[in-house]
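Visitor: Just so it is clear, I am handing over model.cif, which has mmCIF, C-alpha atoms and all ligand atoms.
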data_start
loop_
_atom_site.label_atom_id
_atom_site.label_comp_id
_atom_site.auth_asym_id
_atom_site.auth_seq_id
_atom_site.Cartn_x
_atom_site.Cartn_y
_atom_site.Cartn_z
CA MET A 1 81.30 122.92 113.04
CA VAL A 2 79.44 120.24 114.97
CA PRO A 3 81.08 119.68 118.42
CA ALA A 4 82.96 116.43 118.88
CA GLU A 5 80.62 115.16 121.61
CA ILE A 6 77.66 115.43 119.25
CA GLN A 7 79.54 113.74 116.42
CA ALA A 8 80.34 110.97 118.89
CA LEU A 9 76.61 110.44 119.53
CA ASP A 10 76.07 109.84 115.81
CA GLN A 11 79.05 107.52 115.61
CA ALA A 12 77.68 105.41 118.47
CA ASP A 13 74.09 105.41 117.12
CA PRO A 14 72.93 101.85 116.32
CA LEU A 15 70.27 103.26 113.96
CA ALA A 16 72.64 105.58 112.07
CA ALA A 17 72.78 103.42 108.92
CA LYS A 18 68.99 103.63 108.48
CA ARG A 19 69.24 107.22 107.27
CA GLU A 20 70.63 105.83 104.02
CA ALA A 21 67.26 104.21 103.39
CA PHE A 22 65.63 107.64 102.92
CA VAL A 23 65.76 110.45 100.40
CA MET A 24 67.01 113.39 102.46
CA PRO A 25 67.07 116.69 100.55
CA GLU A 26 70.54 118.27 100.73
CA GLY A 27 70.86 120.85 103.50
CA LEU A 28 67.33 120.33 104.79
CA ILE A 29 66.65 119.40 108.40
CA TYR A 30 63.33 117.68 108.42
CA LEU A 31 61.46 117.92 111.71
CA ASP A 32 57.98 117.28 110.33
CA GLY A 33 57.89 113.50 110.01
CA ASN A 34 55.06 113.60 112.55
CA SER A 35 52.92 115.08 109.77
CA LEU A 36 54.39 113.51 106.62
CA GLY A 37 57.32 111.09 106.84
CA PRO A 38 60.16 111.36 104.28
CA LEU A 39 60.41 109.17 101.18
CA PRO A 40 62.10 105.79 101.69
CA LYS A 41 64.25 105.10 98.62
CA ARG A 42 62.78 101.67 98.09
CA VAL A 43 59.30 103.19 97.73
CA ALA A 44 60.36 104.96 94.54
CA GLU A 45 61.76 101.69 93.14
CA ARG A 46 58.66 99.73 94.20
CA MET A 47 56.30 102.21 92.62
CA ARG A 48 58.11 101.87 89.32
CA GLU A 49 57.80 98.08 89.52
CA VAL A 50 54.15 98.11 90.58
CA VAL A 51 53.11 100.66 87.98
CA GLU A 52 55.16 99.45 85.03
CA GLN A 53 55.22 95.69 85.56
CA GLN A 54 52.31 94.77 87.81
CA TRP A 55 49.76 97.24 86.52
CA GLY A 56 51.30 97.89 83.09
CA GLN A 57 52.08 94.35 82.02
CA ASP A 58 50.38 91.89 84.35
CA LEU A 59 47.20 93.91 84.67
CA ILE A 60 44.25 92.21 86.39
CA ARG A 61 46.27 89.03 86.90
CA SER A 62 48.25 90.89 89.55
CA TRP A 63 45.47 90.48 92.13
CA ASN A 64 46.60 86.85 92.39
CA LEU A 65 50.05 86.94 90.82
CA HIS A 66 51.40 89.71 93.04
CA GLY A 67 49.11 89.15 96.03
CA TRP A 68 47.33 92.49 95.70
CA ILE A 69 44.25 91.02 97.34
CA ASP A 70 46.16 90.18 100.54
CA LEU A 71 47.81 93.57 100.96
CA PRO A 72 45.50 94.79 103.78
CA GLN A 73 46.46 91.82 105.95
CA ARG A 74 50.08 91.63 104.83
CA LEU A 75 50.61 95.25 105.84
CA GLY A 76 48.70 94.67 109.07
CA THR A 77 51.15 91.93 109.98
CA ARG A 78 54.10 94.28 109.51
CA ILE A 79 52.53 97.04 111.60
CA ALA A 80 51.46 94.60 114.34
CA ARG A 81 55.06 94.02 115.40
CA LEU A 82 55.62 97.75 115.85
CA ILE A 83 52.57 98.26 118.06
CA GLY A 84 52.69 95.19 120.27
CA ALA A 85 49.91 93.25 118.58
CA GLU A 86 49.52 89.83 116.98
CA ALA A 87 49.57 89.54 113.19
CA ASP A 88 45.85 88.78 112.94
CA GLU A 89 44.88 91.80 115.06
CA VAL A 90 45.79 94.54 112.59
CA VAL A 91 44.48 95.32 109.13
CA VAL A 92 45.33 98.20 106.80
CA ALA A 93 42.46 100.05 105.16
CA ASP A 94 40.89 103.42 104.55
CA SER A 95 41.94 106.52 106.50
CA THR A 96 42.42 106.95 110.24
CA SER A 97 39.15 108.89 110.41
CA VAL A 98 37.18 106.13 108.70
CA ASN A 99 38.79 103.47 110.87
CA LEU A 100 37.86 105.48 113.95
CA PHE A 101 34.27 105.50 112.77
CA LYS A 102 34.37 101.74 112.26
CA ALA A 103 36.03 101.09 115.62
CA LEU A 104 33.71 103.38 117.59
CA LEU A 105 30.59 101.86 116.08
CA ALA A 106 31.86 98.33 116.61
CA ALA A 107 32.63 99.21 120.22
CA LEU A 108 29.15 100.71 120.77
CA LYS A 109 27.61 97.53 119.39
CA LEU A 110 29.67 95.50 121.85
CA ARG A 111 28.35 97.57 124.75
CA PRO A 112 24.57 97.69 124.28
CA GLY A 113 22.75 99.71 126.91
CA ARG A 114 25.68 102.08 127.42
CA ARG A 115 25.48 105.44 125.75
CA ALA A 116 28.51 107.58 126.58
CA ILE A 117 31.67 108.14 124.54
CA VAL A 118 34.33 109.80 126.66
CA SER A 119 37.19 111.72 125.09
CA GLU A 120 39.55 114.58 125.69
CA VAL A 121 38.36 117.95 124.46
CA GLY A 122 41.88 118.62 123.16
CA ASN A 123 41.90 115.41 121.09
CA PHE A 124 42.73 115.77 117.40
CA PRO A 125 39.62 117.30 115.81
CA THR A 126 38.90 114.47 113.39
CA ASP A 127 38.43 112.12 116.35
CA LEU A 128 35.90 114.48 117.91
CA TYR A 129 34.17 115.15 114.60
CA ILE A 130 33.79 111.43 113.88
CA ALA A 131 32.16 110.91 117.28
CA GLN A 132 29.82 113.84 116.60
CA GLY A 133 28.76 112.38 113.26
CA LEU A 134 28.27 109.01 114.84
CA ARG A 135 26.00 110.45 117.52
CA GLU A 136 23.60 111.55 114.74
CA LEU A 137 23.53 108.03 113.41
CA TRP A 138 23.38 106.15 116.69
CA GLY A 139 20.81 108.34 118.39
CA ASN A 140 21.03 107.41 122.03
CA CYS A 141 24.58 108.58 122.49
CA GLU A 142 26.15 111.10 124.84
CA LEU A 143 29.51 112.68 124.10
CA ARG A 144 31.62 113.60 127.10
CA PHE A 145 34.55 115.64 125.84
CA VAL A 146 36.46 116.72 128.93
CA PRO A 147 39.84 118.24 129.78
CA ARG A 148 42.65 115.75 130.40
CA GLU A 149 42.31 116.02 134.19
CA GLY A 150 38.60 115.17 133.95
CA ILE A 151 38.92 111.86 132.09
CA GLU A 152 38.78 109.61 135.12
CA ALA A 153 35.74 111.36 136.60
CA ALA A 154 33.89 111.14 133.27
CA LEU A 155 34.05 107.34 133.24
CA ASP A 156 31.12 105.52 134.79
CA GLU A 157 28.70 102.64 134.28
CA GLU A 158 27.10 104.48 131.32
CA THR A 159 30.38 104.71 129.45
CA ALA A 160 30.58 102.53 126.36
CA VAL A 161 33.92 103.79 125.03
CA LEU A 162 36.92 105.81 126.09
CA MET A 163 38.49 107.25 122.91
CA LEU A 164 41.88 108.92 123.24
CA THR A 165 44.91 109.84 121.15
CA GLU A 166 47.99 108.57 122.92
CA VAL A 167 50.23 111.50 121.98
CA ASP A 168 48.79 115.02 121.84
CA TYR A 169 49.38 116.40 118.33
CA ARG A 170 50.19 119.86 119.67
CA THR A 171 52.24 119.41 122.82
CA GLY A 172 53.58 115.88 122.38
CA TYR A 173 52.14 114.91 125.80
CA ARG A 174 51.86 111.13 126.01
CA HIS A 175 49.06 109.51 127.97
CA ASP A 176 49.59 106.54 130.26
CA MET A 177 47.93 103.97 128.02
CA ALA A 178 48.06 101.08 130.48
CA HIS A 179 46.57 103.13 133.34
CA LEU A 180 43.75 104.75 131.36
CA THR A 181 42.85 101.48 129.66
CA ARG A 182 42.56 99.88 133.10
CA LEU A 183 40.42 102.72 134.44
CA ALA A 184 37.98 102.50 131.53
CA GLN A 185 37.77 98.74 131.59
CA ALA A 186 37.21 98.77 135.36
CA GLN A 187 33.96 100.64 134.55
CA GLY A 188 33.07 98.02 131.94
CA ALA A 189 33.91 100.31 129.01
CA LEU A 190 36.03 99.60 125.93
CA VAL A 191 38.97 101.72 124.78
CA VAL A 192 39.84 103.06 121.34
CA TRP A 193 43.35 104.49 121.08
CA ASP A 194 44.47 106.71 118.19
CA LEU A 195 48.13 105.93 117.54
CA ALA A 196 48.68 108.55 114.82
CA HIS A 197 51.67 110.00 116.69
CA SER A 198 52.80 106.72 118.25
CA ALA A 199 53.14 104.03 115.56
CA GLY A 200 56.74 104.08 114.38
CA ALA A 201 57.68 106.76 116.93
CA PHE A 202 58.22 104.35 119.85
CA PRO A 203 57.16 100.86 120.87
CA VAL A 204 53.46 100.57 121.67
CA TYR A 205 52.31 97.62 123.77
CA LEU A 206 48.67 97.15 122.78
CA ASN A 207 48.37 93.53 123.94
CA ALA A 208 50.29 94.10 127.15
CA CYS A 209 48.03 97.06 127.95
CA GLY A 210 44.90 95.02 127.16
CA VAL A 211 43.71 97.56 124.57
CA ASP A 212 40.43 96.78 122.78
CA PHE A 213 40.67 98.90 119.61
CA ALA A 214 43.28 101.16 118.03
CA VAL A 215 43.76 103.11 114.81
CA GLY A 216 46.68 104.98 113.28
CA CYS A 217 48.19 106.68 110.24
CA GLY A 218 50.48 105.25 107.58
CA TYR A 219 51.95 108.56 106.46
CA LYS A 220 53.58 109.92 109.62
CA TYR A 221 56.29 107.92 111.42
CA LEU A 222 55.62 104.89 109.19
CA ASN A 223 56.65 106.96 106.12
CA GLY A 224 54.05 105.45 103.78
CA GLY A 225 53.57 108.64 101.72
CA PRO A 226 50.93 111.38 101.44
CA GLY A 227 47.48 109.96 102.14
CA ALA A 228 48.90 106.49 102.87
CA PRO A 229 46.26 104.04 104.08
CA ALA A 230 45.69 103.75 107.82
CA PHE A 231 45.47 100.76 110.14
CA LEU A 232 42.91 99.30 112.50
CA TYR A 233 43.65 97.04 115.47
CA VAL A 234 41.01 94.90 117.16
CA ALA A 235 42.00 92.64 120.05
CA ARG A 236 41.54 89.00 119.11
CA ARG A 237 39.05 88.44 121.97
CA HIS A 238 36.56 90.82 120.29
CA GLN A 239 36.88 89.62 116.74
CA LYS A 240 34.27 86.86 116.72
CA ALA A 241 31.53 89.14 118.06
CA LEU A 242 32.60 92.05 115.88
CA LYS A 243 29.78 93.47 113.78
CA PRO A 244 31.00 95.75 111.03
CA PHE A 245 28.74 98.65 110.17
CA LEU A 246 30.28 99.38 106.76
CA THR A 247 29.45 96.02 105.24
CA GLY A 248 31.23 96.19 101.92
CA TRP A 249 32.06 93.28 99.66
CA MET A 250 35.75 93.15 100.61
CA GLY A 251 34.67 92.37 104.16
CA HIS A 252 32.45 89.54 102.96
CA GLN A 253 33.33 85.96 103.77
CA ALA A 254 33.56 85.15 100.05
CA PRO A 255 33.63 88.32 97.92
CA PHE A 256 33.92 86.39 94.69
CA ALA A 257 30.92 84.17 95.43
CA PHE A 258 28.86 87.30 94.67
CA SER A 259 26.12 86.31 97.08
CA PRO A 260 23.30 88.85 97.51
CA THR A 261 23.49 88.36 101.28
CA TYR A 262 26.19 89.77 103.51
CA THR A 263 28.15 87.34 105.67
CA PRO A 264 31.20 88.76 107.45
CA ALA A 265 34.64 87.34 106.71
CA GLU A 266 36.49 85.44 109.39
CA GLY A 267 38.77 87.65 111.41
CA LEU A 268 39.66 91.26 110.77
CA ARG A 269 39.13 91.20 107.04
CA ARG A 270 35.48 91.88 107.90
CA MET A 271 36.52 95.42 108.85
CA THR A 272 37.66 96.19 105.30
CA VAL A 273 35.08 97.68 103.00
CA GLY A 274 35.93 98.25 99.33
CA THR A 275 38.75 97.64 96.87
CA PRO A 276 42.14 98.40 98.45
CA PRO A 277 44.16 101.27 96.90
CA ILE A 278 46.97 99.12 95.53
CA LEU A 279 49.38 101.89 94.59
CA SER A 280 49.23 103.48 98.04
CA MET A 281 49.39 100.12 99.76
CA SER A 282 52.42 99.09 97.70
CA ALA A 283 54.18 102.29 98.71
CA LEU A 284 53.36 101.64 102.36
CA GLU A 285 54.58 98.06 102.04
CA ALA A 286 57.97 99.18 100.78
CA ALA A 287 58.15 101.80 103.54
CA LEU A 288 57.37 99.16 106.18
CA GLU A 289 60.19 96.96 104.90
CA VAL A 290 62.60 99.61 106.18
CA TRP A 291 61.55 98.56 109.72
CA GLU A 292 62.83 95.01 109.29
CA GLY A 293 65.34 94.26 112.03
CA VAL A 294 64.68 97.57 113.79
CA GLU A 295 64.33 97.23 117.56
CA MET A 296 61.58 99.57 118.74
CA GLU A 297 63.31 100.00 122.11
CA GLN A 298 66.30 101.44 120.25
CA VAL A 299 63.95 103.79 118.40
CA ARG A 300 62.57 105.01 121.72
CA ALA A 301 65.99 105.45 123.28
CA LYS A 302 67.17 107.54 120.32
CA SER A 303 63.95 109.55 120.18
CA LEU A 304 64.36 110.53 123.83
CA ARG A 305 68.01 111.48 123.32
CA LEU A 306 67.17 113.55 120.25
CA THR A 307 64.34 115.38 121.99
CA ASP A 308 66.38 115.85 125.18
CA LEU A 309 69.26 117.31 123.16
CA PHE A 310 66.92 119.67 121.33
CA ILE A 311 65.25 120.87 124.55
CA GLU A 312 68.61 121.29 126.26
CA ARG A 313 70.23 123.26 123.43
CA MET A 314 67.09 125.35 122.94
CA ALA A 315 66.86 126.28 126.64
CA PRO A 316 68.90 129.54 126.51
CA LEU A 317 67.08 130.67 123.34
CA ALA A 318 63.73 129.74 124.79
CA ALA A 319 64.43 131.76 127.93
CA ARG A 320 65.70 134.82 126.00
CA TYR A 321 62.89 134.96 123.42
CA GLY A 322 59.88 133.79 125.43
CA LEU A 323 59.46 130.40 123.80
CA GLU A 324 57.54 128.39 126.37
CA LEU A 325 58.22 124.65 126.33
CA ALA A 326 54.88 122.86 125.90
CA THR A 327 56.29 119.32 125.92
CA PRO A 328 56.73 117.36 129.16
CA LEU A 329 60.30 116.94 130.39
CA GLU A 330 59.32 113.62 131.93
CA HIS A 331 60.23 110.87 129.49
CA ALA A 332 57.24 108.68 130.24
CA ARG A 333 54.91 111.54 129.29
CA ARG A 334 56.64 112.52 126.05
CA GLY A 335 56.02 111.34 122.47
CA SER A 336 58.62 111.96 119.75
CA GLN A 337 58.08 115.67 119.26
CA VAL A 338 58.95 118.93 120.98
CA ALA A 339 56.65 121.96 120.98
CA TYR A 340 56.96 125.56 122.13
CA ARG A 341 54.39 128.29 122.55
CA HIS A 342 55.05 131.76 121.20
CA PRO A 343 52.57 134.45 120.06
CA GLU A 344 54.57 134.86 116.80
CA GLY A 345 54.84 131.09 116.33
CA TYR A 346 53.56 131.05 112.76
CA ALA A 347 56.05 133.62 111.47
CA ILE A 348 58.93 131.98 113.35
CA VAL A 349 58.13 128.60 111.80
CA GLN A 350 58.00 130.16 108.32
CA ALA A 351 61.38 131.84 108.89
CA LEU A 352 62.83 128.54 110.09
CA ILE A 353 61.54 126.76 107.00
CA ALA A 354 63.24 129.42 104.88
CA GLN A 355 66.45 128.54 106.75
CA GLY A 356 65.98 124.86 105.90
CA VAL A 357 64.52 123.66 109.19
CA VAL A 358 61.08 122.22 108.50
CA GLY A 359 58.75 122.09 111.49
CA ASP A 360 55.15 123.26 111.58
CA PHE A 361 52.70 125.50 113.37
CA ARG A 362 49.51 124.53 115.13
CA HIS A 363 46.83 127.00 116.12
CA PRO A 364 46.89 129.15 118.18
CA ASP A 365 50.57 129.47 119.13
CA ILE A 366 52.34 126.10 118.89
CA LEU A 367 55.66 125.60 117.08
CA ARG A 368 56.02 121.86 116.58
CA PHE A 369 59.09 119.77 115.79
CA GLY A 370 58.89 116.02 115.16
CA PHE A 371 61.87 113.68 115.52
CA GLY A 372 62.03 110.59 113.31
CA PRO A 373 64.75 108.40 114.87
CA LEU A 374 65.32 106.38 111.69
CA TYR A 375 66.67 109.28 109.67
CA LEU A 376 67.64 112.13 111.99
CA ARG A 377 71.16 112.64 113.27
CA TYR A 378 72.20 114.29 116.49
CA ALA A 379 74.16 116.67 114.27
CA ASP A 380 70.85 117.69 112.66
CA VAL A 381 69.49 118.63 116.07
CA TYR A 382 72.57 120.71 116.75
CA GLU A 383 72.36 122.47 113.38
CA ALA A 384 68.60 123.05 113.72
CA VAL A 385 69.17 124.96 116.95
CA GLU A 386 71.98 126.98 115.34
CA ARG A 387 69.59 128.06 112.57
CA PHE A 388 66.86 128.72 115.13
CA ARG A 389 69.26 131.05 116.92
CA ARG A 390 69.91 132.98 113.71
CA VAL A 391 66.16 133.36 113.10
CA MET A 392 65.67 134.81 116.59
CA GLU A 393 68.86 136.87 116.97
CA GLU A 394 68.58 138.44 113.53
CA GLY A 395 64.80 138.86 113.82
CA LEU A 396 64.36 137.04 110.49
CA TRP A 397 60.81 136.06 111.44
CA GLN A 398 59.73 139.73 111.28
CA ASP A 399 59.68 139.64 107.47
CA PRO A 400 56.02 140.46 106.59
CA ARG A 401 55.95 137.58 104.06
CA TYR A 402 56.01 135.15 106.97
CA ARG A 403 52.64 136.36 108.20
CA GLU A 404 50.75 135.17 105.14
CA LYS A 405 48.89 132.06 106.17
CA ALA A 406 49.08 129.14 103.75
CA GLN A 407 46.04 126.97 103.05
CA VAL A 408 47.70 123.88 104.55
CA THR A 409 49.92 124.40 107.57
C1 LIG B 501 45.69 112.16 116.13
C2 LIG B 501 45.33 112.16 114.68
N1 LIG B 501 44.31 111.38 114.25
C3 LIG B 501 43.97 111.35 112.96
C4 LIG B 501 44.63 112.11 112.02
C5 LIG B 501 44.25 112.14 110.60
O1 LIG B 501 43.40 111.24 110.15
P1 LIG B 501 43.20 111.00 108.59
O2 LIG B 501 44.32 110.11 108.16
O3 LIG B 501 41.90 110.37 108.50
O4 LIG B 501 43.31 112.32 107.90
C6 LIG B 501 45.70 112.93 112.43
C7 LIG B 501 46.43 113.78 111.48
O5 LIG B 501 46.05 114.11 110.41
C8 LIG B 501 46.03 112.95 113.79
O6 LIG B 501 47.03 113.72 114.22
N1 LIG B 502 47.09 114.61 107.21
C1 LIG B 502 47.59 115.83 106.90
C2 LIG B 502 47.30 116.41 105.66
O1 LIG B 502 46.53 115.73 104.78
C3 LIG B 502 47.81 117.66 105.33
C4 LIG B 502 48.60 118.33 106.25
C5 LIG B 502 48.87 117.78 107.49
C6 LIG B 502 48.33 116.56 107.82
C7 LIG B 502 48.54 115.98 109.15
O2 LIG B 502 48.76 114.82 109.26
C8 LIG B 502 48.41 116.85 110.32
C9 LIG B 502 48.67 116.05 111.57
N2 LIG B 502 47.71 115.03 111.85
C10 LIG B 502 48.81 116.90 112.79
O3 LIG B 502 49.17 116.32 113.81
O4 LIG B 502 48.62 118.09 112.77
#
Represent the structure from my file as structure tokens, please.

Guide:
Amino acid sequence: MVPAEIQALDQADPLAAKREAFVMPEGLIYLDGNSLGPLPKRVAERMREVVEQQWGQDLIRSWNLHGWIDLPQRLGTRIARLIGAEADEVVVADSTSVNLFKALLAALKLRPGRRAIVSEVGNFPTDLYIAQGLRELWGNCELRFVPREGIEAALDEETAVLMLTEVDYRTGYRHDMAHLTRLAQAQGALVVWDLAHSAGAFPVYLNACGVDFAVGCGYKYLNGGPGAPAFLYVARRHQKALKPFLTGWMGHQAPFAFSPTYTPAEGLRRMTVGTPPILSMSALEAALEVWEGVEMEQVRAKSLRLTDLFIERMAPLAARYGLELATPLEHARRGSQVAYRHPEGYAIVQALIAQGVVGDFRHPDILRFGFGPLYLRYADVYEAVERFRRVMEEGLWQDPRYREKAQVT
């Protein structure tokens, strides 16, 4: 039985009705929306319409009839509001990794004579890998991957770009975007922020922080579906001078003029490359409609209450079973997830999943739980901890089956 004070939190929750917009499997407590967001009901309806009517019946005419050709910008406009940007500063295309490549190269071109890319050694690997690949291509490029505490010291007059992920995918630590952006820009460098664990999790203030470039995922807190297209933000002040490296026809000023010579499109469309994946974009569009009327400040307030409640209720268990809290208690330094360290983390997460609490494990010892404020209830947090207790008290995680590593974790 959920205690009355927790039921009261749900009753007073201004976002409570949003849960209805999602398919929530019966009995399942889903704490993995930071990896793959749940299915918004309207996505299923939209997919039927797009596949059966737009593709099935209207066929090629749909590019004009249903505005397929404008989807990258239309979706960008919807995401812009959530991340503190103007409508013409965000475009949806490709994957986060590819957009990082595009943003980093564009930034290097805007800072000729500077050769260093600074990042955090604990950044999400794809960010580091993309920079490594780019170094091969660019030649005169130095990568400075440093621990978090070393970021400031690594910035100097040779730095072209500071590339960081705002929220650490393992611990949920949230950087001070405004401060780090200022530090980098004071050295004459540009910043590229990865918002994979930020967009849709809390309000981001890209314009207010003076951010140059940003990228992020459509399939996590934005709930756009597996492999949903990603987004790219470029501050308006850089757009005129922006030189795309991947000069595909969809980024051309007039793709249907079929000129043999490349001329970039006005604005951010120049950062798109090839034909947009219409099915995926349509799913993301329907998912983004769920955000209409949602105040991002309310999302943040609920996210902090959910994560606080989880940490607080977990505290006795954590102390008894050696689960070390890896997430900052300080609100300003926390994303929308809570992580613990435990040497048997993988098996514990598998046992929890078997009990209907879906979180995930990150190498080497991180148990990770994401909190999507649009669909989670305070009662879910309460129940998740109850099930966690059972897993620990009854030693359910010791089942040898839970040691078998899956291909995708
Ligand atoms: C910080 C961060 N960046 C990027 C990605 C992924 O990029 P992509 O969508 O290209 O797979 C993830 C997760 O997969 C991530 O956590
Ligand atoms: N993108 C993923 C995938 O294709 C399969 C499994 C997980 C993912 C993820 O998004 C992982 C995620 N970026 C993380 O923070 O670990």

Visitor: Kindly give the distance, in Å, that separates CA of Val192 (chain A) and CA of Ile79 (chain A), rounded to a single decimal.

Guide: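 Result for CA of Val192 (chain A) versus CA of Ile79 (chain A): 17.1 Å, one decimal.
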
Visitor: Which residues come within 9 Å of region 101-103 of chain A, counting all atoms listed in the file, excluding same-chain residues fewer than 2 positions away, as a PyMOL selection string?

Guide: chain A and resi 96-99+105-108+127+130-131+133-134+192+213-215+232-234+244-246+271

Visitor: Could you check which of A:Asp399, A:Asp32, A:Glu157, A:Glu86 is closest to ligand LIG 502 (chain B), using all atoms listed in the file?

Guide: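 Of A:Asp399, A:Asp32, A:Glu157, A:Glu86, the one nearest ligand LIG 502 (chain B) is A:Asp32, counting all atoms listed in the file.
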
Visitor: Extract, using all atoms listed in the file, all DNA, RNA and protein residues at most 12 Å from Thr261 (chain A), discarding same-chain residues fewer than 4 positions from it, and format them as an mmCIF file with C-alpha atoms, keeping the file's coordinate frame.

Guide:
data_model
loop_
_atom_site.group_PDB
_atom_site.id
_atom_site.type_symbol
_atom_site.label_atom_id
_atom_site.label_comp_id
_atom_site.auth_asym_id
_atom_site.auth_seq_id
_atom_site.Cartn_x
_atom_site.Cartn_y
_atom_site.Cartn_z
ATOM 1 C CA THR A 247 29.450 96.020 105.240
ATOM 2 C CA GLY A 248 31.230 96.190 101.920
ATOM 3 C CA TRP A 249 32.060 93.280 99.660
ATOM 4 C CA HIS A 252 32.450 89.540 102.960
ATOM 5 C CA GLN A 253 33.330 85.960 103.770
ATOM 6 C CA ALA A 254 33.560 85.150 100.050
ATOM 7 C CA PRO A 255 33.630 88.320 97.920
ATOM 8 C CA ALA A 257 30.920 84.170 95.430
#

Visitor: Go ahead and compute the interatomic distance for CA of Asp156 (chain A) and CA of Glu120 (chain A), in Å to one decimal.

Guide: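 So the answer is 15.4 Å.
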
Visitor: Residues within 6 Å of ligand LIG 502 (chain B) should be enumerated using only C-alpha atoms and all ligand atoms and returned as a list in words.

Guide: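 These are the residues that qualify: Ser35, Tyr169 and Val408 of chain A.
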
Visitor: Would you tabulate, counting only C-alpha atoms and all ligand atoms, all residues of chain A that have an atom at most 9 Å from an atom of ligand LIG 501 (chain B), showing the closest pair of atoms and their distance in Å to one decimal, sorted by chain then ascending number, as CSV?

Guide:
residue,atom,partner,partner_atom,distance
A:Asn34,CA,B:LIG501,O6,8.2
A:Ser35,CA,B:LIG501,C7,6.8
A:Asp94,CA,B:LIG501,O3,8.1
A:Ser95,CA,B:LIG501,O3,4.3
A:Thr96,CA,B:LIG501,O3,3.9
A:Ser97,CA,B:LIG501,O3,3.7
A:Val98,CA,B:LIG501,O3,6.3
A:Asn99,CA,B:LIG501,O3,7.9
A:Leu100,CA,B:LIG501,O3,8.4
A:Asn123,CA,B:LIG501,C1,7.0
A:Phe124,CA,B:LIG501,C1,4.8
A:Pro125,CA,B:LIG501,N1,7.7
A:Thr126,CA,B:LIG501,C3,6.0
A:Asp127,CA,B:LIG501,N1,6.3
A:Leu164,CA,B:LIG501,C1,8.7
A:Thr165,CA,B:LIG501,C1,5.6
A:Glu166,CA,B:LIG501,C1,8.0
A:Val167,CA,B:LIG501,C1,7.4
A:Asp168,CA,B:LIG501,C1,7.1
A:Tyr169,CA,B:LIG501,O6,5.4
A:Arg170,CA,B:LIG501,O6,8.8
A:Asp194,CA,B:LIG501,C1,6.0
A:Leu195,CA,B:LIG501,C1,6.8
A:Ala196,CA,B:LIG501,C1,4.9
A:His197,CA,B:LIG501,C1,6.4
A:Val215,CA,B:LIG501,N1,8.3
A:Gly216,CA,B:LIG501,N1,6.9
A:Cys217,CA,B:LIG501,O2,5.6
A:Gly218,CA,B:LIG501,O2,7.9
A:Tyr219,CA,B:LIG501,O2,8.0
A:Lys220,CA,B:LIG501,C7,8.3
A:Gly227,CA,B:LIG501,O2,6.8
A:Ala228,CA,B:LIG501,O2,7.9
A:Pro229,CA,B:LIG501,O2,7.6
A:Ala230,CA,B:LIG501,O2,6.5

Visitor: Identify which of the residues A:Val118, A:Ala85, A:Leu288, A:Leu31 lies closest to Gly200 (chain A), counting only C-alpha atoms when measuring atom-to-atom distances.

Guide: A:Leu288

Visitor: Which one is closest to Tyr321 (chain A): A:Ile366, A:Leu128, A:Val357, A:Ile348? Count all atoms listed in the file.

Guide: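 Among A:Ile366, A:Leu128, A:Val357, A:Ile348, it is A:Ile348 that comes nearest to Tyr321 (chain A).
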